[in-house]
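Text of my_file06.cif (mmCIF, C-alpha atoms) as supplied:
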data_final
loop_
_atom_site.label_atom_id
_atom_site.label_comp_id
_atom_site.auth_asym_id
_atom_site.auth_seq_id
_atom_site.Cartn_x
_atom_site.Cartn_y
_atom_site.Cartn_z
CA MET A 1 -159.21 -18.74 39.16
CA PRO A 2 -156.62 -21.54 39.19
CA GLU A 3 -156.52 -23.63 42.32
CA ASN A 4 -153.98 -22.41 44.84
CA PRO A 5 -152.94 -25.44 46.90
CA SER A 6 -151.22 -23.28 49.50
CA ALA A 7 -154.28 -21.12 50.16
CA PRO A 8 -155.77 -21.63 53.64
CA ALA A 9 -158.98 -23.64 53.79
CA THR A 10 -160.75 -20.65 55.32
CA PRO A 11 -158.72 -17.45 55.58
CA PRO A 12 -159.23 -15.17 58.60
CA TRP A 13 -161.94 -12.93 57.15
CA SER A 14 -164.80 -10.64 58.09
CA SER A 15 -167.27 -8.83 55.85
CA ARG A 16 -169.83 -6.12 56.44
CA PRO A 17 -172.90 -6.03 54.16
CA GLY A 18 -174.03 -2.51 53.38
CA ALA A 19 -170.64 -0.81 53.66
CA ARG A 20 -170.99 0.63 50.17
CA THR A 21 -173.99 2.69 51.30
CA TRP A 22 -172.02 4.36 54.13
CA ARG A 23 -171.09 8.00 53.49
CA CYS A 24 -168.69 10.59 54.92
CA ALA A 25 -167.26 14.02 54.07
CA PRO A 26 -164.55 14.08 51.36
CA ALA A 27 -160.92 15.12 51.82
CA PRO A 28 -160.01 18.77 51.10
CA ALA A 29 -159.48 19.41 47.39
CA GLU A 30 -156.43 21.60 47.98
CA VAL A 31 -154.28 18.65 49.10
CA ARG A 32 -153.65 17.54 45.53
CA ASP A 33 -152.65 21.07 44.48
CA PHE A 34 -150.18 21.26 47.37
CA HIS A 35 -148.48 18.02 46.36
CA ALA A 36 -148.44 18.94 42.68
CA ALA A 37 -146.41 22.05 43.58
CA LEU A 38 -143.72 20.11 45.49
CA PRO A 39 -140.31 19.72 43.82
CA GLY A 40 -140.03 16.28 42.29
CA TYR A 41 -143.73 15.48 42.42
CA ALA A 42 -145.13 13.11 39.80
CA PRO A 43 -147.98 10.61 40.00
CA THR A 44 -146.74 7.12 40.78
CA PRO A 45 -147.48 4.48 38.12
CA LEU A 46 -150.75 2.58 37.87
CA ILE A 47 -149.74 -0.62 36.10
CA GLU A 48 -152.21 -2.96 34.43
CA LEU A 49 -151.40 -6.66 34.84
CA PRO A 50 -153.65 -8.79 32.59
CA ALA A 51 -152.03 -11.98 33.90
CA LEU A 52 -153.34 -11.26 37.39
CA ALA A 53 -156.80 -10.57 36.00
CA GLY A 54 -156.82 -13.97 34.35
CA GLU A 55 -155.59 -15.69 37.51
CA SER A 56 -158.20 -13.91 39.61
CA GLY A 57 -161.17 -14.39 37.31
CA VAL A 58 -161.86 -10.65 36.94
CA GLY A 59 -161.81 -8.22 34.03
CA ARG A 60 -158.79 -6.02 34.78
CA VAL A 61 -156.22 -5.71 37.58
CA PHE A 62 -154.13 -2.60 38.19
CA VAL A 63 -151.31 -2.10 40.70
CA LYS A 64 -150.60 1.33 42.14
CA ASP A 65 -146.81 1.23 42.48
CA GLU A 66 -145.60 3.35 45.43
CA SER A 67 -141.99 2.15 45.27
CA CYS A 68 -140.79 5.69 44.48
CA ARG A 69 -142.88 8.50 45.93
CA LEU A 70 -141.20 11.93 46.17
CA GLY A 71 -137.83 10.18 46.21
CA LEU A 72 -138.74 7.71 48.95
CA PRO A 73 -139.63 4.01 48.60
CA ALA A 74 -143.16 4.26 50.04
CA PHE A 75 -146.32 6.36 49.98
CA LYS A 76 -145.87 7.90 53.45
CA ALA A 77 -144.39 11.21 52.26
CA LEU A 78 -147.83 12.24 50.99
CA GLY A 79 -149.25 12.37 54.50
CA VAL A 80 -146.18 13.74 56.24
CA THR A 81 -145.52 16.63 53.85
CA TRP A 82 -149.13 17.85 54.05
CA ALA A 83 -149.26 17.52 57.85
CA VAL A 84 -145.95 19.33 58.39
CA HIS A 85 -147.03 22.05 55.95
CA ARG A 86 -150.22 22.57 57.98
CA LEU A 87 -148.33 22.43 61.26
CA LEU A 88 -145.66 24.98 60.32
CA ALA A 89 -148.24 27.30 58.72
CA GLU A 90 -150.29 27.19 61.90
CA ARG A 91 -147.27 27.95 64.06
CA ALA A 92 -146.36 30.91 61.86
CA ALA A 93 -149.91 32.27 61.93
CA SER A 94 -150.06 31.99 65.72
CA GLY A 95 -146.97 34.15 66.16
CA THR A 96 -144.98 31.32 67.73
CA GLU A 97 -141.33 32.28 68.13
CA PRO A 98 -139.55 31.24 64.94
CA GLY A 99 -136.87 28.60 65.11
CA PRO A 100 -136.46 24.91 64.45
CA VAL A 101 -138.93 22.48 65.94
CA THR A 102 -138.27 18.79 66.56
CA LEU A 103 -140.70 16.52 64.78
CA VAL A 104 -141.08 13.41 66.95
CA THR A 105 -142.57 10.14 65.78
CA ALA A 106 -142.60 6.37 66.13
CA THR A 107 -142.27 4.19 63.07
CA ASP A 108 -142.04 0.72 61.62
CA GLY A 109 -139.78 2.28 58.97
CA ASN A 110 -141.46 4.22 56.17
CA HIS A 111 -143.31 6.88 58.16
CA GLY A 112 -140.23 7.71 60.22
CA ARG A 113 -138.09 8.14 57.15
CA ALA A 114 -140.70 10.41 55.60
CA VAL A 115 -140.77 12.53 58.78
CA ALA A 116 -136.97 12.68 58.83
CA ARG A 117 -136.76 13.66 55.15
CA THR A 118 -139.48 16.30 55.48
CA ALA A 119 -137.85 17.77 58.59
CA ARG A 120 -134.52 18.06 56.80
CA LEU A 121 -136.03 19.72 53.75
CA CYS A 122 -137.98 22.18 55.93
CA GLY A 123 -135.01 23.07 58.14
CA GLN A 124 -136.41 21.28 61.18
CA ARG A 125 -135.14 18.46 63.41
CA ALA A 126 -136.48 14.91 63.74
CA HIS A 127 -136.44 12.34 66.54
CA VAL A 128 -137.67 8.90 65.52
CA PHE A 129 -138.51 6.00 67.87
CA VAL A 130 -138.11 2.58 66.27
CA PRO A 131 -139.59 -0.63 67.76
CA ARG A 132 -138.06 -4.08 67.61
CA GLY A 133 -138.28 -5.92 64.31
CA VAL A 134 -137.39 -3.03 62.00
CA HIS A 135 -134.57 -4.00 59.65
CA PRO A 136 -131.20 -2.31 60.37
CA ARG A 137 -131.04 -0.96 56.81
CA ALA A 138 -134.40 0.76 57.31
CA VAL A 139 -133.08 2.31 60.53
CA ALA A 140 -129.88 3.38 58.77
CA ALA A 141 -131.95 5.12 56.09
CA ILE A 142 -133.68 7.18 58.77
CA VAL A 143 -130.34 8.11 60.35
CA ALA A 144 -129.03 9.10 56.92
CA GLU A 145 -131.81 11.70 56.69
CA GLY A 146 -130.28 13.42 59.74
CA ALA A 147 -132.73 12.21 62.37
CA GLU A 148 -131.97 11.21 65.93
CA VAL A 149 -133.09 7.59 66.34
CA THR A 150 -134.03 5.83 69.56
CA ARG A 151 -134.40 2.04 69.45
CA VAL A 152 -137.23 0.67 71.61
CA PRO A 153 -136.96 -2.98 72.78
CA GLY A 154 -140.69 -3.47 72.46
CA PRO A 155 -143.53 -3.46 69.91
CA TYR A 156 -144.82 -0.59 67.82
CA ASP A 157 -147.40 0.51 70.38
CA GLU A 158 -144.62 0.93 72.98
CA ALA A 159 -142.58 3.02 70.53
CA VAL A 160 -145.61 5.27 70.03
CA ARG A 161 -145.92 5.75 73.80
CA ARG A 162 -142.23 6.63 74.05
CA ALA A 163 -142.49 9.13 71.19
CA ALA A 164 -145.55 10.79 72.71
CA GLY A 165 -143.64 11.20 75.97
CA ALA A 166 -140.67 12.79 74.23
CA ALA A 167 -142.87 15.19 72.28
CA VAL A 168 -143.87 17.11 75.43
CA ALA A 169 -140.44 18.78 75.42
CA ARG A 170 -140.16 22.44 74.47
CA ASP A 171 -140.13 23.04 70.69
CA ALA A 172 -141.10 19.45 69.99
CA VAL A 173 -144.27 18.18 68.34
CA LEU A 174 -145.57 14.68 67.74
CA VAL A 175 -146.15 13.84 64.06
CA GLN A 176 -147.75 10.42 64.36
CA ASP A 177 -149.83 8.59 61.74
CA SER A 178 -151.94 6.93 64.41
CA ALA A 179 -154.54 8.73 66.51
CA TRP A 180 -155.97 8.24 69.99
CA PRO A 181 -158.44 10.30 72.06
CA GLY A 182 -156.89 13.73 72.57
CA TYR A 183 -154.45 13.33 69.67
CA GLU A 184 -156.28 13.39 66.36
CA ARG A 185 -155.63 16.68 64.54
CA ILE A 186 -152.17 15.91 63.10
CA PRO A 187 -153.07 12.30 62.24
CA GLY A 188 -156.10 13.74 60.48
CA TRP A 189 -153.85 15.93 58.34
CA ILE A 190 -151.73 12.90 57.50
CA VAL A 191 -154.82 11.02 56.33
CA GLU A 192 -155.82 14.01 54.20
CA GLY A 193 -152.39 13.89 52.57
CA TYR A 194 -152.94 10.32 51.42
CA SER A 195 -155.96 11.46 49.38
CA THR A 196 -153.61 12.48 46.54
CA LEU A 197 -152.87 8.81 45.89
CA CYS A 198 -156.58 8.08 45.37
CA ALA A 199 -157.08 11.12 43.14
CA GLU A 200 -154.23 9.91 40.95
CA ILE A 201 -155.87 6.50 40.62
CA ASP A 202 -159.11 8.08 39.40
CA GLU A 203 -157.27 10.03 36.71
CA GLN A 204 -155.10 7.10 35.68
CA LEU A 205 -158.04 4.69 35.42
CA ALA A 206 -159.97 7.21 33.34
CA ALA A 207 -157.01 7.43 30.96
CA THR A 208 -157.37 3.68 30.36
CA GLY A 209 -161.11 3.96 29.70
CA VAL A 210 -162.28 3.05 33.22
CA HIS A 211 -164.38 6.14 33.93
CA ALA A 212 -166.66 4.58 36.54
CA GLY A 213 -163.75 3.78 38.87
CA PRO A 214 -162.70 0.42 40.29
CA ASP A 215 -164.97 -2.33 41.55
CA LEU A 216 -162.56 -3.38 44.31
CA VAL A 217 -159.61 -1.70 46.02
CA SER A 218 -157.31 -3.89 48.13
CA VAL A 219 -155.28 -1.92 50.68
CA PRO A 220 -152.63 -3.07 53.19
CA VAL A 221 -153.47 -1.98 56.74
CA GLY A 222 -151.40 -1.20 59.81
CA VAL A 223 -153.09 1.28 62.16
CA GLY A 224 -155.57 2.01 59.36
CA SER A 225 -154.71 5.56 58.28
CA LEU A 226 -154.21 4.78 54.59
CA ALA A 227 -157.34 2.66 54.62
CA GLN A 228 -159.16 5.59 56.23
CA ALA A 229 -158.08 7.80 53.34
CA VAL A 230 -159.23 5.19 50.81
CA VAL A 231 -162.62 4.78 52.49
CA THR A 232 -163.02 8.56 52.73
CA HIS A 233 -162.24 8.96 49.03
CA TYR A 234 -164.66 6.34 47.78
CA ARG A 235 -167.43 6.92 50.35
CA GLY A 236 -167.20 10.71 50.41
CA ARG A 237 -168.07 11.56 46.81
CA GLY A 238 -171.57 10.16 46.43
CA LEU A 239 -170.62 7.65 43.74
CA GLU A 240 -173.54 5.83 42.18
CA CYS A 241 -171.61 2.54 42.18
CA PRO A 242 -168.86 2.80 44.81
CA PRO A 243 -166.23 0.06 44.93
CA ALA A 244 -165.83 -2.68 47.48
CA LEU A 245 -162.92 -1.96 49.84
CA LEU A 246 -160.77 -4.77 51.25
CA ALA A 247 -158.34 -4.35 54.16
CA VAL A 248 -155.37 -6.76 54.29
CA GLU A 249 -153.31 -7.36 57.45
CA PRO A 250 -150.62 -9.80 58.62
CA GLU A 251 -151.97 -12.71 60.62
CA ALA A 252 -149.46 -11.67 63.31
CA ALA A 253 -151.04 -8.19 63.71
CA ALA A 254 -154.65 -8.23 62.52
CA CYS A 255 -156.06 -5.54 64.80
CA VAL A 256 -158.59 -4.15 62.30
CA LEU A 257 -159.93 -7.62 61.48
CA ALA A 258 -160.28 -8.38 65.20
CA SER A 259 -162.04 -5.05 65.70
CA LEU A 260 -164.48 -5.69 62.85
CA VAL A 261 -165.29 -9.12 64.27
CA ARG A 262 -165.87 -7.60 67.73
CA GLY A 263 -167.73 -4.56 66.39
CA ALA A 264 -165.51 -2.24 68.45
CA ALA A 265 -161.87 -1.17 68.34
CA VAL A 266 -159.64 -3.64 70.17
CA SER A 267 -155.91 -4.10 70.67
CA VAL A 268 -154.16 -7.36 69.83
CA THR A 269 -150.83 -8.77 70.88
CA THR A 270 -148.59 -8.65 67.83
CA GLY A 271 -146.04 -11.22 66.72
CA GLU A 272 -143.12 -11.19 64.31
CA THR A 273 -143.85 -10.56 60.65
CA ALA A 274 -141.89 -9.63 57.55
CA MET A 275 -144.70 -7.13 56.89
CA ALA A 276 -143.07 -4.84 59.45
CA GLY A 277 -144.85 -1.69 58.33
CA LEU A 278 -148.18 -3.37 59.11
CA ASN A 279 -147.11 -4.75 62.50
CA CYS A 280 -149.49 -2.63 64.60
CA GLY A 281 -151.65 -3.82 67.46
CA THR A 282 -154.21 -1.02 67.84
CA PRO A 283 -156.32 0.74 65.19
CA SER A 284 -156.06 4.52 65.03
CA SER A 285 -158.97 6.06 66.94
CA LEU A 286 -159.52 8.43 64.02
CA ALA A 287 -159.53 5.64 61.46
CA TRP A 288 -161.66 3.12 63.31
CA PRO A 289 -165.13 4.73 62.89
CA VAL A 290 -164.45 5.22 59.18
CA LEU A 291 -163.20 1.67 58.71
CA HIS A 292 -166.11 0.23 60.67
CA GLY A 293 -168.53 2.20 58.54
CA GLY A 294 -167.04 1.92 55.07
CA LEU A 295 -164.89 -1.21 54.78
CA ASP A 296 -166.56 -4.09 52.99
CA ALA A 297 -164.19 -6.72 54.33
CA ALA A 298 -160.89 -7.51 56.00
CA VAL A 299 -158.61 -10.51 55.62
CA ALA A 300 -155.40 -11.59 57.36
CA VAL A 301 -152.55 -13.26 55.45
CA PRO A 302 -149.38 -15.09 56.55
CA ASP A 303 -145.87 -14.01 55.58
CA SER A 304 -145.64 -16.92 53.16
CA ALA A 305 -148.58 -15.54 51.16
CA ALA A 306 -146.96 -12.10 51.02
CA ALA A 307 -143.74 -13.76 49.82
CA ARG A 308 -145.49 -15.53 46.98
CA ALA A 309 -147.33 -12.34 46.04
CA ALA A 310 -144.09 -10.34 46.01
CA ASP A 311 -142.47 -12.95 43.78
CA ARG A 312 -145.43 -12.88 41.38
CA LEU A 313 -145.38 -9.11 41.17
CA SER A 314 -141.62 -9.15 40.57
CA ALA A 315 -142.08 -11.65 37.74
CA LEU A 316 -144.57 -9.23 36.19
CA GLY A 317 -142.20 -6.28 36.49
CA VAL A 318 -143.49 -4.64 39.69
CA SER A 319 -141.04 -4.21 42.58
CA SER A 320 -143.00 -4.57 45.80
CA GLY A 321 -141.99 -4.98 49.42
CA PRO A 322 -143.79 -7.34 51.77
CA CYS A 323 -146.34 -4.76 52.90
CA GLY A 324 -147.16 -3.69 49.36
CA ALA A 325 -147.46 -7.29 48.18
CA ALA A 326 -150.02 -7.90 50.94
CA ALA A 327 -152.67 -6.32 48.70
CA LEU A 328 -152.25 -9.13 46.16
CA ALA A 329 -151.92 -11.75 48.90
CA GLY A 330 -155.24 -10.58 50.32
CA LEU A 331 -156.95 -10.73 46.94
CA ARG A 332 -155.68 -14.26 46.42
CA ALA A 333 -156.83 -15.28 49.91
CA VAL A 334 -160.41 -14.12 49.46
CA LEU A 335 -160.73 -15.53 45.94
CA GLY A 336 -159.20 -18.93 46.74
CA GLY A 337 -159.80 -21.77 49.14
CA ALA A 338 -163.01 -22.88 50.84
CA GLY A 339 -165.81 -20.34 50.70
CA ALA A 340 -164.29 -18.41 47.79
CA ASP A 341 -167.60 -18.12 45.94
CA GLU A 342 -169.28 -16.57 48.98
CA ARG A 343 -166.43 -14.11 49.47
CA ARG A 344 -166.44 -13.19 45.78
CA THR A 345 -170.19 -12.51 46.03
CA ALA A 346 -169.72 -10.44 49.19
CA LEU A 347 -167.27 -8.23 47.30
CA GLY A 348 -169.50 -8.04 44.22
CA LEU A 349 -166.83 -9.39 41.88
CA ASP A 350 -167.46 -10.99 38.50
CA ALA A 351 -165.60 -11.64 35.25
CA ALA A 352 -165.84 -7.97 34.24
CA SER A 353 -164.70 -6.38 37.53
CA VAL A 354 -161.85 -3.88 37.77
CA VAL A 355 -159.51 -4.39 40.74
CA VAL A 356 -156.89 -1.97 42.09
CA LEU A 357 -154.12 -3.25 44.36
CA LEU A 358 -152.20 -0.69 46.43
CA SER A 359 -148.54 -1.70 46.49
CA THR A 360 -147.54 0.69 49.25
CA GLU A 361 -143.76 0.22 49.25
CA GLY A 362 -140.80 -1.03 47.27
CA PRO A 363 -138.42 -3.76 48.47
CA SER A 364 -135.82 -1.32 49.77
CA ALA A 365 -138.31 0.22 52.21
CA ASN A 366 -138.44 -2.88 54.36
CA PRO A 367 -135.68 -5.30 53.36
CA HIS A 368 -136.87 -8.30 55.37
CA PRO A 369 -136.35 -11.79 53.96
CA LEU A 370 -139.81 -13.21 53.27
CA SER A 371 -140.52 -16.67 54.59
CA GLY A 372 -142.02 -18.99 52.01
CA ARG A 373 -139.81 -17.96 49.11
#

Would you mind giving the structure from this file in structure tokens?
Amino acid sequence: MPENPSAPATPPWSSRPGARTWRCAPAPAEVRDFHAALPGYAPTPLIELPALAGESGVGRVFVKDESCRLGLPAFKALGVTWAVHRLLAERAASGTEPGPVTLVTATDGNHGRAVARTARLCGQRAHVFVPRGVHPRAVAAIVAEGAEVTRVPGPYDEAVRRAAGAAVARDAVLVQDSAWPGYERIPGWIVEGYSTLCAEIDEQLAATGVHAGPDLVSVPVGVGSLAQAVVTHYRGRGLECPPALLAVEPEAAACVLASLVRGAAVSVTTGETAMAGLNCGTPSSLAWPVLHGGLDAAVAVPDSAAARAADRLSALGVSSGPCGAAALAGLRAVLGGAGADERRTALGLDAASVVVLLSTEGPSANPHPLSGR
């Protein structure tokens, strides 16, 4: 791999030997069928980028491009549509009085817009709480979906608390992609919804001749729900050679990395970051046991690294926002700088390895200027 002079001497990093032997139950198979029946559904592209493989010293690199998922610029609609489907079906089966319900949530941008869009399409209402640091254009996109928006002059965790309080109102329900003790069923449905993304990757890799699956998957992490889905997919099927799984967070909000270092879920004080969708200070209680069991490693990256990664992806024809580009920034961090050989060994990577980067959003999802460009 070419020397990267801007790579940190030792990136914030933690690894867990033996994670590839950890096992869990798989996601329900019917999730993929549900999504396939939705109007406008199509698998998002899996793009091979040989230039990145050469730069990284591996065999093949693929980018899962989530810049247009069900008409939205991020992957979040997969989880929200499945969760709302389950929620409304349960209400109907219970004999609950019919009529619109208000779907309440907190968001750093993409999840809230997915909730607002799904509510509109299902004839429901939406109330979205937005913390500080979310770009005005992202907020405007949520309003344009017909949602009521409440701005919260605090961090993401405070917006979640405000949303949970509002959801106790009559005919309101919290649709949050983070879980805590006593609130885990709906977040669990959201995680199940993300499994479609992983199933698509399997099929798309097989179509390119990669039948054994990837050797490494790099996934951007906020509260950890997408990473939970990825771990569940690759640790829940009894694969003979499961891939290494790498979580990537902003240095300003590396709650999963801090939790892995501590060996228990912890909250961190978050700072400002262009990776707004990852700016979360507490891991989901539902995700944490799965991440602790099945993640091989976690790394934190600065905004400048995400900026360079977004520029590189753009030059190669992939439109990625700062959160999506974090997957490449994380790969570069672990394979460059001091200790790179040890980190490469920990992830089991060699010159023949297949790497998948999850680019979770397009630039329009989170239109922050990236420092370092």

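Evaluated on this file, the PyMOL selection byres ((chain A and resi 15-17) around 6) matches Ser14, Gly18, Ala19, Asp296 and Ala297 of chain A.
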
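Atom pair CA of Ser94 in chain A / CA of Ala116 in chain A: separated by 24.3 Å.
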
Which range 256-331 of chain A residues have any atom within 12 Å of an atom of range 213-216 of chain A, and for each, what is the nearest pair of atoms with distance in Å to one decimal, counting all atoms listed in the file, rows sorted by chain and number, as a tab-separated table?
residue	atom	partner	partner_atom	distance
A:Leu295	CA	A:Leu216	CA	10.9
A:Asp296	CA	A:Leu216	CA	9.6
A:Ala297	CA	A:Leu216	CA	10.7
A:Ala327	CA	A:Leu216	CA	11.2
A:Leu328	CA	A:Leu216	CA	11.9
A:Gly330	CA	A:Leu216	CA	11.9
A:Leu331	CA	A:Leu216	CA	9.6

>> Residues near Asp108 in chain A, anyone? I mean within 9 Å using all atoms listed in the file, not counting same-chain ones fewer than 4 positions away, as a list in words.
In response: Gly112, Phe129, Val130, Pro131, Arg132, Gly133, Val134, Ala138, Tyr156, Ala276, Gly277, Leu278, Asn279, Cys280 and Asn366 of chain A

>> What would the selection look like, as number ranges by chain, if the PyMOL selection byres ((chain A and resi 121) around 12) were run on the coordinates I just shared?
In response: A: 38-39, 81, 84-85, 100, 114-120, 122-126, 145-147

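Of note, CA of Trp22 in chain A and CA of Trp180 in chain A are spaced 22.9 Å apart.
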
> Selected by the PyMOL selection byres ((chain A and resi 260) around 12) in the shown coordinates: which residues, as number ranges by chain?
Replying inline: A: 12-16, 247, 254-259, 261-267, 283, 288-299
